[in-house]
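A.B. asks: Data file final-v8.tsv (TSV, C-alpha atoms) is appended below.
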```tsv
chain	number	residue	atom	x	y	z
A	181	MET	CA	-7.93	2.25	57.02
A	182	LYS	CA	-4.63	4.13	57.01
A	183	ILE	CA	-4.64	7.88	56.35
A	184	LYS	CA	-1.70	10.10	55.51
A	185	ILE	CA	-1.78	13.87	55.77
A	186	SER	CA	1.01	16.26	54.83
A	187	VAL	CA	0.93	19.82	56.15
A	188	PRO	CA	3.33	22.59	55.07
A	189	ALA	CA	5.46	24.75	57.30
A	190	THR	CA	4.53	28.41	57.47
A	191	THR	CA	6.27	31.71	57.96
A	192	ALA	CA	4.21	34.49	59.46
A	193	ASN	CA	4.37	38.29	59.67
A	194	LEU	CA	6.85	38.77	56.76
A	195	GLY	CA	8.03	41.91	58.49
A	196	ALA	CA	5.31	44.50	58.88
A	197	GLY	CA	2.29	42.17	58.54
A	198	PHE	CA	2.27	41.31	62.25
A	199	ASP	CA	-0.43	38.72	63.10
A	200	THR	CA	-1.79	39.20	59.57
A	201	PHE	CA	0.44	37.79	56.81
A	202	GLY	CA	1.24	34.10	56.42
A	203	LEU	CA	3.05	32.10	53.75
A	204	ALA	CA	3.20	28.31	53.25
A	205	LEU	CA	6.54	26.67	52.48
A	206	ASN	CA	7.51	23.38	50.86
A	207	LEU	CA	8.66	21.73	54.07
A	208	PHE	CA	6.18	19.23	55.49
A	209	ASN	CA	5.20	17.42	58.63
A	210	GLU	CA	3.52	14.10	57.87
A	211	PHE	CA	1.00	12.29	60.02
A	212	ILE	CA	0.07	8.67	59.23
A	213	VAL	CA	-2.98	7.54	61.16
A	214	GLU	CA	-4.70	4.22	61.77
A	215	GLU	CA	-7.69	3.34	63.93
A	216	SER	CA	-6.82	1.81	67.28
A	217	SER	CA	-8.41	1.08	70.65
A	218	SER	CA	-5.39	2.64	72.38
A	219	ILE	CA	-2.95	5.48	71.74
A	220	GLU	CA	0.32	4.49	70.07
A	221	ILE	CA	2.74	7.16	68.87
A	222	GLU	CA	5.89	6.75	66.84
A	223	THR	CA	7.97	9.79	65.86
A	224	SER	CA	10.70	10.31	63.29
A	225	PRO	CA	13.18	11.58	64.27
A	226	LYS	CA	12.44	10.03	67.64
A	227	ASN	CA	11.02	12.50	70.14
A	228	ASP	CA	10.19	11.10	73.59
A	229	PHE	CA	8.27	14.25	74.52
A	230	LEU	CA	5.89	13.94	71.54
A	231	GLU	CA	5.47	10.20	72.06
A	232	ASN	CA	3.71	10.97	75.34
A	233	PRO	CA	-0.01	11.40	74.46
A	234	GLU	CA	-0.36	14.13	77.06
A	235	ASN	CA	2.21	16.22	75.20
A	236	ASN	CA	1.27	15.39	71.62
A	237	LEU	CA	-0.68	18.27	70.11
A	238	PHE	CA	-2.02	16.17	67.21
A	239	VAL	CA	-3.56	13.68	69.64
A	240	GLN	CA	-5.04	16.42	71.82
A	241	VAL	CA	-6.62	18.19	68.85
A	242	LEU	CA	-7.85	14.88	67.39
A	243	LYS	CA	-9.62	14.08	70.66
A	244	ARG	CA	-11.28	17.50	70.71
A	245	SER	CA	-12.21	17.30	67.02
A	246	CYS	CA	-13.91	13.92	67.42
A	247	GLU	CA	-15.84	15.32	70.35
A	248	TYR	CA	-16.80	18.39	68.29
A	249	PHE	CA	-18.09	16.23	65.43
A	250	GLY	CA	-20.13	14.12	67.84
A	251	ASN	CA	-18.04	10.94	68.04
A	252	GLU	CA	-16.19	9.40	70.93
A	253	PHE	CA	-12.40	9.16	70.64
A	254	HIS	CA	-11.18	5.62	71.36
A	255	GLY	CA	-7.54	5.83	70.34
A	256	VAL	CA	-5.17	6.20	67.42
A	257	LYS	CA	-2.02	4.68	66.00
A	258	LEU	CA	0.08	7.64	64.88
A	259	SER	CA	3.32	7.79	62.94
A	260	GLN	CA	4.51	11.39	63.05
A	261	ARG	CA	7.31	12.50	60.73
A	262	ASN	CA	8.62	15.85	61.87
A	263	ASN	CA	10.51	17.80	59.22
A	264	VAL	CA	9.45	21.21	60.53
A	265	PRO	CA	11.65	22.13	63.52
A	266	VAL	CA	9.79	22.76	66.78
A	267	ALA	CA	9.61	26.24	68.34
A	268	ARG	CA	11.59	27.90	65.56
A	269	GLY	CA	8.96	30.19	64.01
A	270	LEU	CA	7.99	27.85	61.17
A	271	GLY	CA	4.51	26.82	62.30
A	272	SER	CA	5.17	23.33	63.66
A	273	SER	CA	2.19	23.60	66.03
A	274	ALA	CA	-0.10	24.69	63.20
A	275	THR	CA	0.80	21.58	61.21
A	276	ALA	CA	-0.42	19.34	64.04
A	277	ILE	CA	-3.62	21.32	64.55
A	278	VAL	CA	-4.51	21.40	60.85
A	279	ALA	CA	-3.70	17.72	60.40
A	280	ALA	CA	-5.79	16.56	63.35
A	281	ILE	CA	-8.85	18.61	62.38
A	282	MET	CA	-8.71	17.42	58.76
A	283	VAL	CA	-8.28	13.77	59.78
A	284	SER	CA	-11.20	13.98	62.18
A	285	ALA	CA	-13.49	15.55	59.59
A	286	PHE	CA	-12.43	12.95	57.02
A	287	VAL	CA	-12.97	9.96	59.32
A	288	ASN	CA	-16.28	11.32	60.60
A	289	LYS	CA	-17.43	12.09	57.03
A	290	LYS	CA	-17.98	15.76	57.78
A	291	GLU	CA	-17.49	18.63	55.37
A	292	LEU	CA	-14.87	20.86	56.97
A	293	THR	CA	-16.28	24.37	56.88
A	294	ASP	CA	-14.36	27.49	57.86
A	295	LYS	CA	-16.60	27.83	60.91
A	296	ASP	CA	-15.91	24.30	62.12
A	297	PHE	CA	-12.19	24.59	61.44
A	298	PHE	CA	-11.75	27.81	63.38
A	299	ASN	CA	-14.05	26.76	66.22
A	300	ILE	CA	-11.70	23.86	66.94
A	301	ALA	CA	-8.38	25.41	65.95
A	302	TYR	CA	-8.74	28.55	68.04
A	303	GLU	CA	-8.95	26.47	71.20
A	304	PHE	CA	-5.30	25.58	70.59
A	305	GLU	CA	-3.88	28.40	68.43
A	306	PRO	CA	-5.56	31.82	68.26
A	307	HIS	CA	-3.63	33.12	65.26
A	308	PRO	CA	-5.04	32.57	61.74
A	309	ASP	CA	-1.84	33.88	60.11
A	310	ASN	CA	-0.22	30.51	60.91
A	311	LEU	CA	-3.25	28.26	60.61
A	312	LEU	CA	-4.54	29.41	57.24
A	313	PRO	CA	-1.46	28.94	55.06
A	314	ALA	CA	-0.86	25.55	56.69
A	315	TRP	CA	-4.42	24.58	55.74
A	316	LYS	CA	-4.96	26.42	52.45
A	317	GLY	CA	-1.39	27.02	51.27
A	318	GLY	CA	0.02	30.11	49.58
A	319	PHE	CA	0.10	33.70	50.79
A	320	THR	CA	-2.78	34.63	53.08
A	321	ILE	CA	-3.93	37.81	54.73
A	322	ALA	CA	-6.12	37.15	57.75
A	323	LEU	CA	-7.76	38.74	60.75
A	324	LYS	CA	-9.95	37.57	63.59
A	325	ASP	CA	-12.72	39.96	64.60
A	326	LYS	CA	-14.69	38.74	67.60
A	327	GLU	CA	-16.32	35.51	66.40
A	328	ASN	CA	-15.48	35.99	62.75
A	329	THR	CA	-12.34	35.29	60.72
A	330	PHE	CA	-11.80	37.17	57.48
A	331	TYR	CA	-9.10	36.13	55.07
A	332	GLN	CA	-7.92	36.32	51.49
A	333	LYS	CA	-5.44	34.11	49.67
A	334	LEU	CA	-3.35	35.90	47.04
A	335	ASP	CA	-1.12	34.50	44.32
A	336	PHE	CA	2.53	34.71	45.33
A	337	PRO	CA	5.19	35.25	42.66
A	338	LYS	CA	6.53	31.89	41.52
A	339	GLU	CA	9.96	33.41	40.93
A	340	ILE	CA	10.49	33.91	44.65
A	341	LYS	CA	11.90	31.28	46.99
A	342	ALA	CA	12.25	31.43	50.76
A	343	VAL	CA	15.67	31.06	52.35
A	344	VAL	CA	15.30	30.28	56.03
A	345	ALA	CA	18.21	30.37	58.47
A	346	ILE	CA	17.34	28.13	61.43
A	347	PRO	CA	19.45	28.59	64.57
A	348	ASP	CA	20.00	25.69	66.93
A	349	PHE	CA	17.85	26.92	69.81
A	350	GLN	CA	14.15	27.08	70.52
A	351	LEU	CA	12.04	30.16	71.20
A	352	SER	CA	8.42	29.66	72.21
A	353	THR	CA	5.77	32.02	70.88
A	354	GLU	CA	4.70	32.67	74.47
A	355	GLU	CA	8.21	33.80	75.42
A	356	ALA	CA	8.49	35.93	72.28
A	357	ARG	CA	5.16	37.64	73.05
A	358	LYS	CA	6.19	38.52	76.58
A	359	VAL	CA	8.79	41.00	75.33
A	360	LEU	CA	6.26	42.98	73.25
A	361	PRO	CA	4.97	46.29	74.64
A	362	GLU	CA	1.28	46.77	75.37
A	363	LYS	CA	1.28	50.07	73.49
A	364	ILE	CA	3.24	51.36	70.50
A	365	PRO	CA	3.81	54.95	69.35
A	366	LEU	CA	1.53	56.29	66.62
A	367	LYS	CA	4.52	56.82	64.32
A	368	ASP	CA	5.36	53.09	64.59
A	369	GLY	CA	1.78	52.20	63.72
A	370	ILE	CA	1.95	54.41	60.65
A	371	PHE	CA	5.34	52.91	59.74
A	372	ASN	CA	3.89	49.39	59.73
A	373	VAL	CA	0.63	50.20	57.96
A	374	GLN	CA	2.62	51.81	55.16
A	375	ARG	CA	4.98	48.87	54.79
A	376	ALA	CA	2.36	46.15	55.08
A	377	SER	CA	0.36	47.88	52.35
A	378	LEU	CA	3.48	48.23	50.22
A	379	PHE	CA	4.25	44.52	50.66
A	380	VAL	CA	0.86	43.47	49.27
A	381	SER	CA	1.27	45.89	46.36
A	382	ALA	CA	4.78	44.60	45.65
A	383	VAL	CA	3.58	40.99	45.59
A	384	ILE	CA	0.63	41.71	43.31
A	385	THR	CA	2.57	43.86	40.84
A	386	LYS	CA	5.87	41.94	41.15
A	387	ARG	CA	7.74	45.07	42.18
A	388	PHE	CA	10.43	43.05	43.90
A	389	ASP	CA	12.57	46.15	44.41
A	390	LEU	CA	10.05	47.32	47.03
A	391	LEU	CA	10.36	44.27	49.27
A	392	LYS	CA	13.46	45.42	51.15
A	393	VAL	CA	11.59	48.44	52.48
A	394	ALA	CA	8.25	46.63	52.76
A	395	MET	CA	9.64	43.89	55.06
A	396	ASP	CA	10.89	46.33	57.71
A	397	ASP	CA	8.96	46.46	60.97
A	398	LYS	CA	8.57	48.35	64.25
A	399	PHE	CA	5.82	46.30	65.94
A	400	HIS	CA	7.75	43.23	67.06
A	401	GLN	CA	11.22	42.81	65.60
A	402	PRO	CA	12.92	45.61	67.59
A	403	TYR	CA	11.81	43.84	70.79
A	404	ARG	CA	12.23	40.21	69.77
A	405	LYS	CA	15.67	40.64	68.24
A	406	LYS	CA	17.07	40.93	71.76
A	407	LEU	CA	16.26	37.22	72.15
A	408	ILE	CA	18.14	36.30	68.96
A	409	PRO	CA	21.94	36.67	68.92
A	410	GLY	CA	23.21	38.28	65.72
A	411	PHE	CA	19.77	39.23	64.41
A	412	ASP	CA	20.83	42.49	62.75
A	413	ASN	CA	23.86	40.91	61.10
A	414	VAL	CA	21.83	37.96	59.79
A	415	ILE	CA	19.43	40.40	58.11
A	416	LYS	CA	22.35	42.52	56.85
A	417	ASN	CA	24.16	39.53	55.37
A	418	ALA	CA	21.01	38.32	53.63
A	419	LEU	CA	20.43	41.68	51.96
A	420	GLU	CA	24.09	42.14	51.00
A	421	ASN	CA	24.14	38.73	49.33
A	422	GLY	CA	21.10	39.23	47.13
A	423	ALA	CA	17.93	38.89	49.23
A	424	LEU	CA	14.98	40.99	48.11
A	425	GLY	CA	13.92	41.42	51.72
A	426	ALA	CA	14.40	39.73	55.08
A	427	SER	CA	12.57	39.47	58.39
A	428	LEU	CA	11.95	37.36	61.43
A	429	SER	CA	9.96	34.21	60.64
A	430	GLY	CA	6.93	34.21	62.89
A	431	ALA	CA	8.02	34.67	66.49
A	432	GLY	CA	11.52	33.43	65.60
A	433	PRO	CA	14.27	32.54	66.06
A	434	THR	CA	14.36	31.50	62.38
A	435	ILE	CA	15.06	34.36	60.00
A	436	LEU	CA	13.47	34.49	56.55
A	437	ALA	CA	14.85	35.95	53.34
A	438	LEU	CA	12.94	36.17	50.06
A	439	ALA	CA	14.97	35.89	46.88
A	440	THR	CA	14.93	35.11	43.16
A	441	GLU	CA	18.61	34.13	42.89
A	442	SER	CA	21.83	33.54	44.88
A	443	PHE	CA	19.90	31.31	47.30
A	444	ASP	CA	22.89	29.41	48.66
A	445	ASP	CA	25.01	32.54	49.01
A	446	ILE	CA	22.22	34.14	51.02
A	447	GLY	CA	21.69	31.08	53.20
A	448	LYS	CA	25.39	30.56	53.91
A	449	SER	CA	25.89	34.20	54.82
A	450	MET	CA	22.93	34.10	57.23
A	451	ALA	CA	24.20	30.94	58.91
A	452	GLU	CA	27.68	32.48	59.19
A	453	ALA	CA	26.26	35.53	60.97
A	454	PHE	CA	24.64	33.26	63.55
A	455	GLU	CA	27.82	31.24	63.94
A	456	LYS	CA	29.86	34.39	64.63
A	457	GLU	CA	27.66	34.76	67.72
A	458	GLY	CA	28.44	31.19	68.76
A	459	VAL	CA	25.07	29.89	67.53
A	460	LYS	CA	25.05	26.88	65.24
A	461	ALA	CA	22.59	27.31	62.35
A	462	GLU	CA	21.47	25.63	59.15
A	463	TYR	CA	19.69	27.07	56.17
A	464	LYS	CA	17.08	25.72	53.78
A	465	VAL	CA	15.98	26.97	50.36
A	466	LEU	CA	12.25	26.38	50.01
A	467	ASP	CA	9.67	26.92	47.30
A	468	ILE	CA	6.39	28.53	48.22
A	469	ASN	CA	3.65	25.93	48.73
A	470	GLU	CA	0.37	26.81	47.03
A	471	GLU	CA	-1.62	23.61	47.68
A	472	GLY	CA	-1.76	23.51	51.48
A	473	ALA	CA	-2.48	20.37	53.48
A	474	LYS	CA	-3.14	17.13	51.56
A	475	ILE	CA	-4.93	14.04	52.88
A	476	GLU	CA	-5.07	10.61	51.28
A	477	VAL	CA	-5.89	6.99	52.07
A	478	ILE	CA	-2.80	4.78	51.70
```
Now, as a test, write the supplied structure out as structure tokens.
C.D. replies:
Amino acid sequence: MKIKISVPATTANLGAGFDTFGLALNLFNEFIVEESSSIEIETSPKNDFLENPENNLFVQVLKRSCEYFGNEFHGVKLSQRNNVPVARGLGSSATAIVAAIMVSAFVNKKELTDKDFFNIAYEFEPHPDNLLPAWKGGFTIALKDKENTFYQKLDFPKEIKAVVAIPDFQLSTEEARKVLPEKIPLKDGIFNVQRASLFVSAVITKRFDLLKVAMDDKFHQPYRKKLIPGFDNVIKNALENGALGASLSGAGPTILALATESFDDIGKSMAEAFEKEGVKAEYKVLDINEEGAKIEVI
């Protein structure tokens, strides 16, 4: 039996919704899996690091998932097609985690409950704002409270597309978290609560004019932007060329703009701002993905 699973990229935070908001995008990593008595990994484009089973997150999560569901892991033949760039703030790790858990549940004929999913996933990625949209699709609001995860998926306006400017350097989430302060001023907390609330309201009521203000942030972007050359100018160019709002995508270094028109103008201007800092960058215009991860027998 050969199984194929496609998992969407995600963008998290969306400005003020730090560790809370997540959005799935129509850019997919694909994992094609066959039973095997050994571990064989093929990647496209070729990635020697990921072809080592010790480094491959999908394989590691698959092993743990089989163990969780009460079956011994013997091996796998994996063809991994990576369209989501690694360590760029677009949820590449979440795609591997979601894919492996879903494959394991499918093969072991187990219904994948929220409890089972999070029990496994949190061993590898403690943030539901990335995991949930990769699994369920769409716009999600999530929080983890002790042993419980609470979340809600909301309809996202179909008129809006995501323009992502992806610079040619990696930034690990761990590195991006190290620059964050342990405490923030009360006024910054109020600033973010107001804007995160406004963002949800703007999405529900389609008040797109509110998104510019709603996607501002004082929790993480003022600290992380020091790791990203040209950050302020990338945001500025996006807004001046028609973006409704713009923010860091996840932990970065990718920068996200939301728009209903002028997509290429926005993307080109963002890439140009990076390039003025000596950083090569590409941009992609992506629809919002509402379906989430899909699995099929091929």
A.B. asks: Excluding same-chain residues fewer than 2 positions from Ile277 (chain A), what lies within 9 Å of it counting all atoms listed in the file, as a PyMOL selection string?
C.D. replies: chain A and resi 237-238+240-242+273-275+279-282+300-301+304-305+311
A.B. asks: Do you have, as CSV, the list of residues of region 355-430 of chain A lying at most 8 Å from region 184-194 of chain A, each with its nearest atom pair and that distance in Å to one decimal, counting all atoms listed in the file and ordered by chain then number?
C.D. replies:
```
residue,atom,partner,partner_atom,distance
A:Met395,CA,A:Leu194,CA,6.1
A:Ala426,CA,A:Leu194,CA,7.8
A:Ser427,CA,A:Leu194,CA,6.0
A:Leu428,CA,A:Leu194,CA,7.1
A:Ser429,CA,A:Thr191,CA,5.2
A:Gly430,CA,A:Ala192,CA,4.4
```
A.B. asks: Can you measure CA of Ala345 (chain A) to CA of Tyr463 (chain A) for me? One decimal in Å is fine.
C.D. replies: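 Pair CA of Ala345 (chain A) / CA of Tyr463 (chain A) returns 4.3 Å.
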A.B. asks: Measuring atom to atom with all atoms listed in the file, identify which of A:Glu252, A:Glu210, A:Met450, A:Arg244 is nearest to Val264 (chain A).
C.D. replies: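 Looking at the shortest contact to Val264 (chain A), the residue is A:Glu210.
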A.B. asks: If I put a ball of radius 12 Å at (10.8, 45.2, 44.0) in the file's coordinates, which residues poke into it when counting all atoms listed in the file, written as a list in words?
C.D. replies: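 Every residue inside that radius is included here: Pro337, Ile340, Leu378, Phe379, Val380, Ser381, Ala382, Val383, Ile384, Thr385, Lys386, Arg387, Phe388, Asp389, Leu390, Leu391, Lys392, Val393, Ala394, Met395, Ala423, Leu424, Gly425, Leu438, Ala439 and Thr440 of chain A.
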A.B. asks: Show which residues sit within 10 Å of Ala431 (chain A), as a list of chain:residue names. Count only C-alpha atoms, and ignore same-chain residues fewer than 4 positions away.
C.D. replies: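 Skipping anything fewer than 4 positions along the chain leaves A:Thr191, A:Ala192, A:Asn193, A:Phe198, A:Asp199, A:Ala267, A:Arg268, A:Gly269, A:Leu270, A:Gly271, A:Leu351, A:Ser352, A:Thr353, A:Glu354, A:Glu355, A:Ala356, A:Arg357, A:His400, A:Gln401, A:Arg404, A:Lys405, A:Ile435.
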A.B. asks: Report, in Å to a single decimal, how far apart CA of Asp348 (chain A) and CA of Leu407 (chain A) are.
C.D. replies: 13.2 Å
A.B. asks: Distance cut-off 10 Å, centre (10.3, 25.5, 50.8) in file coordinates, counting all atoms listed in the file: which residues qualify? Return them as a list in words.
C.D. replies: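 The requested residues, written out, are Pro188, Ala189, Thr190, Ala204, Leu205, Asn206, Leu207, Phe208, Lys341, Ala342, Val343, Val344, Lys464, Val465, Leu466, Asp467, Ile468 and Asn469 of chain A.
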A.B. asks: Out of A:Glu234, A:Ile219, A:Ile183, A:Lys460, which residue has the shortest atom-to-atom distance to Phe349 (chain A) when counting all atoms listed in the file?
C.D. replies: A:Lys460
A.B. asks: Distance CA of Pro433 (chain A)-CA of Gly447 (chain A), one decimal place?
C.D. replies: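 CA of Gly447 (chain A) lies 14.9 Å from CA of Pro433 (chain A).
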A.B. asks: Neighbours of region 224-227 of chain A within 7 Å (all atoms listed in the file; same-chain residues fewer than 2 positions away dropped), as a ChimeraX atom specification?
C.D. replies: /A:222,229-231,260-262
A.B. asks: Find, counting all atoms listed in the file, the residue in A:Leu366, A:Phe249, A:Ile408, A:Glu452 that gets nearest to Phe286 (chain A).
C.D. replies: A:Phe249
A.B. asks: Find the spatial neighbours of Ser217 (chain A), counting only C-alpha atoms, within a cut-off of 10 Å - ignore same-chain residues fewer than 6 positions away - and output them as a list in words.
C.D. replies: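 Result of the neighbour search: Phe253, His254, Gly255, Val256 and Lys257 of chain A.
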A.B. asks: Go through A:Phe297, A:Phe454, A:Phe371, A:Phe319 and flag the residue nearest Asp412 (chain A), using only C-alpha atoms for the distances.
C.D. replies: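 Selected residue with least distance to Asp412 (chain A): A:Phe454.
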A.B. asks: Which one is closest to Ala451 (chain A): A:Pro402, A:Pro365, A:Pro347, A:Gly472? Count all atoms listed in the file.
C.D. replies: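 Result for the nearest residue to Ala451 (chain A): A:Pro347.
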A.B. asks: I need the residue nearest Asn310 (chain A) from this list: A:Leu323, A:Leu419, A:Ala453, A:Ala376. Use only C-alpha atoms for the distance.
C.D. replies: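 Using only C-alpha atoms, Asn310 (chain A) sits closest to A:Leu323.
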A.B. asks: For Glu327 (chain A), find every residue with an atom within 10 Å (counting all atoms listed in the file), except residues of its own chain fewer than 2 positions away, and show them as a ChimeraX atom specification.
C.D. replies: /A:295,298-299,324-325,329
A.B. asks: Could you save the residues just selected, with C-alpha atoms, as a compact mmCIF listing (two decimals), in the frame of the given file?
C.D. replies:
```txt
# COMPACT_ATOMS: atom_id res chain seq x y z
CA LYS A 295 -16.60 27.83 60.91
CA PHE A 298 -11.75 27.81 63.38
CA ASN A 299 -14.05 26.76 66.22
CA LYS A 324 -9.95 37.57 63.59
CA ASP A 325 -12.72 39.96 64.60
CA THR A 329 -12.34 35.29 60.72
```
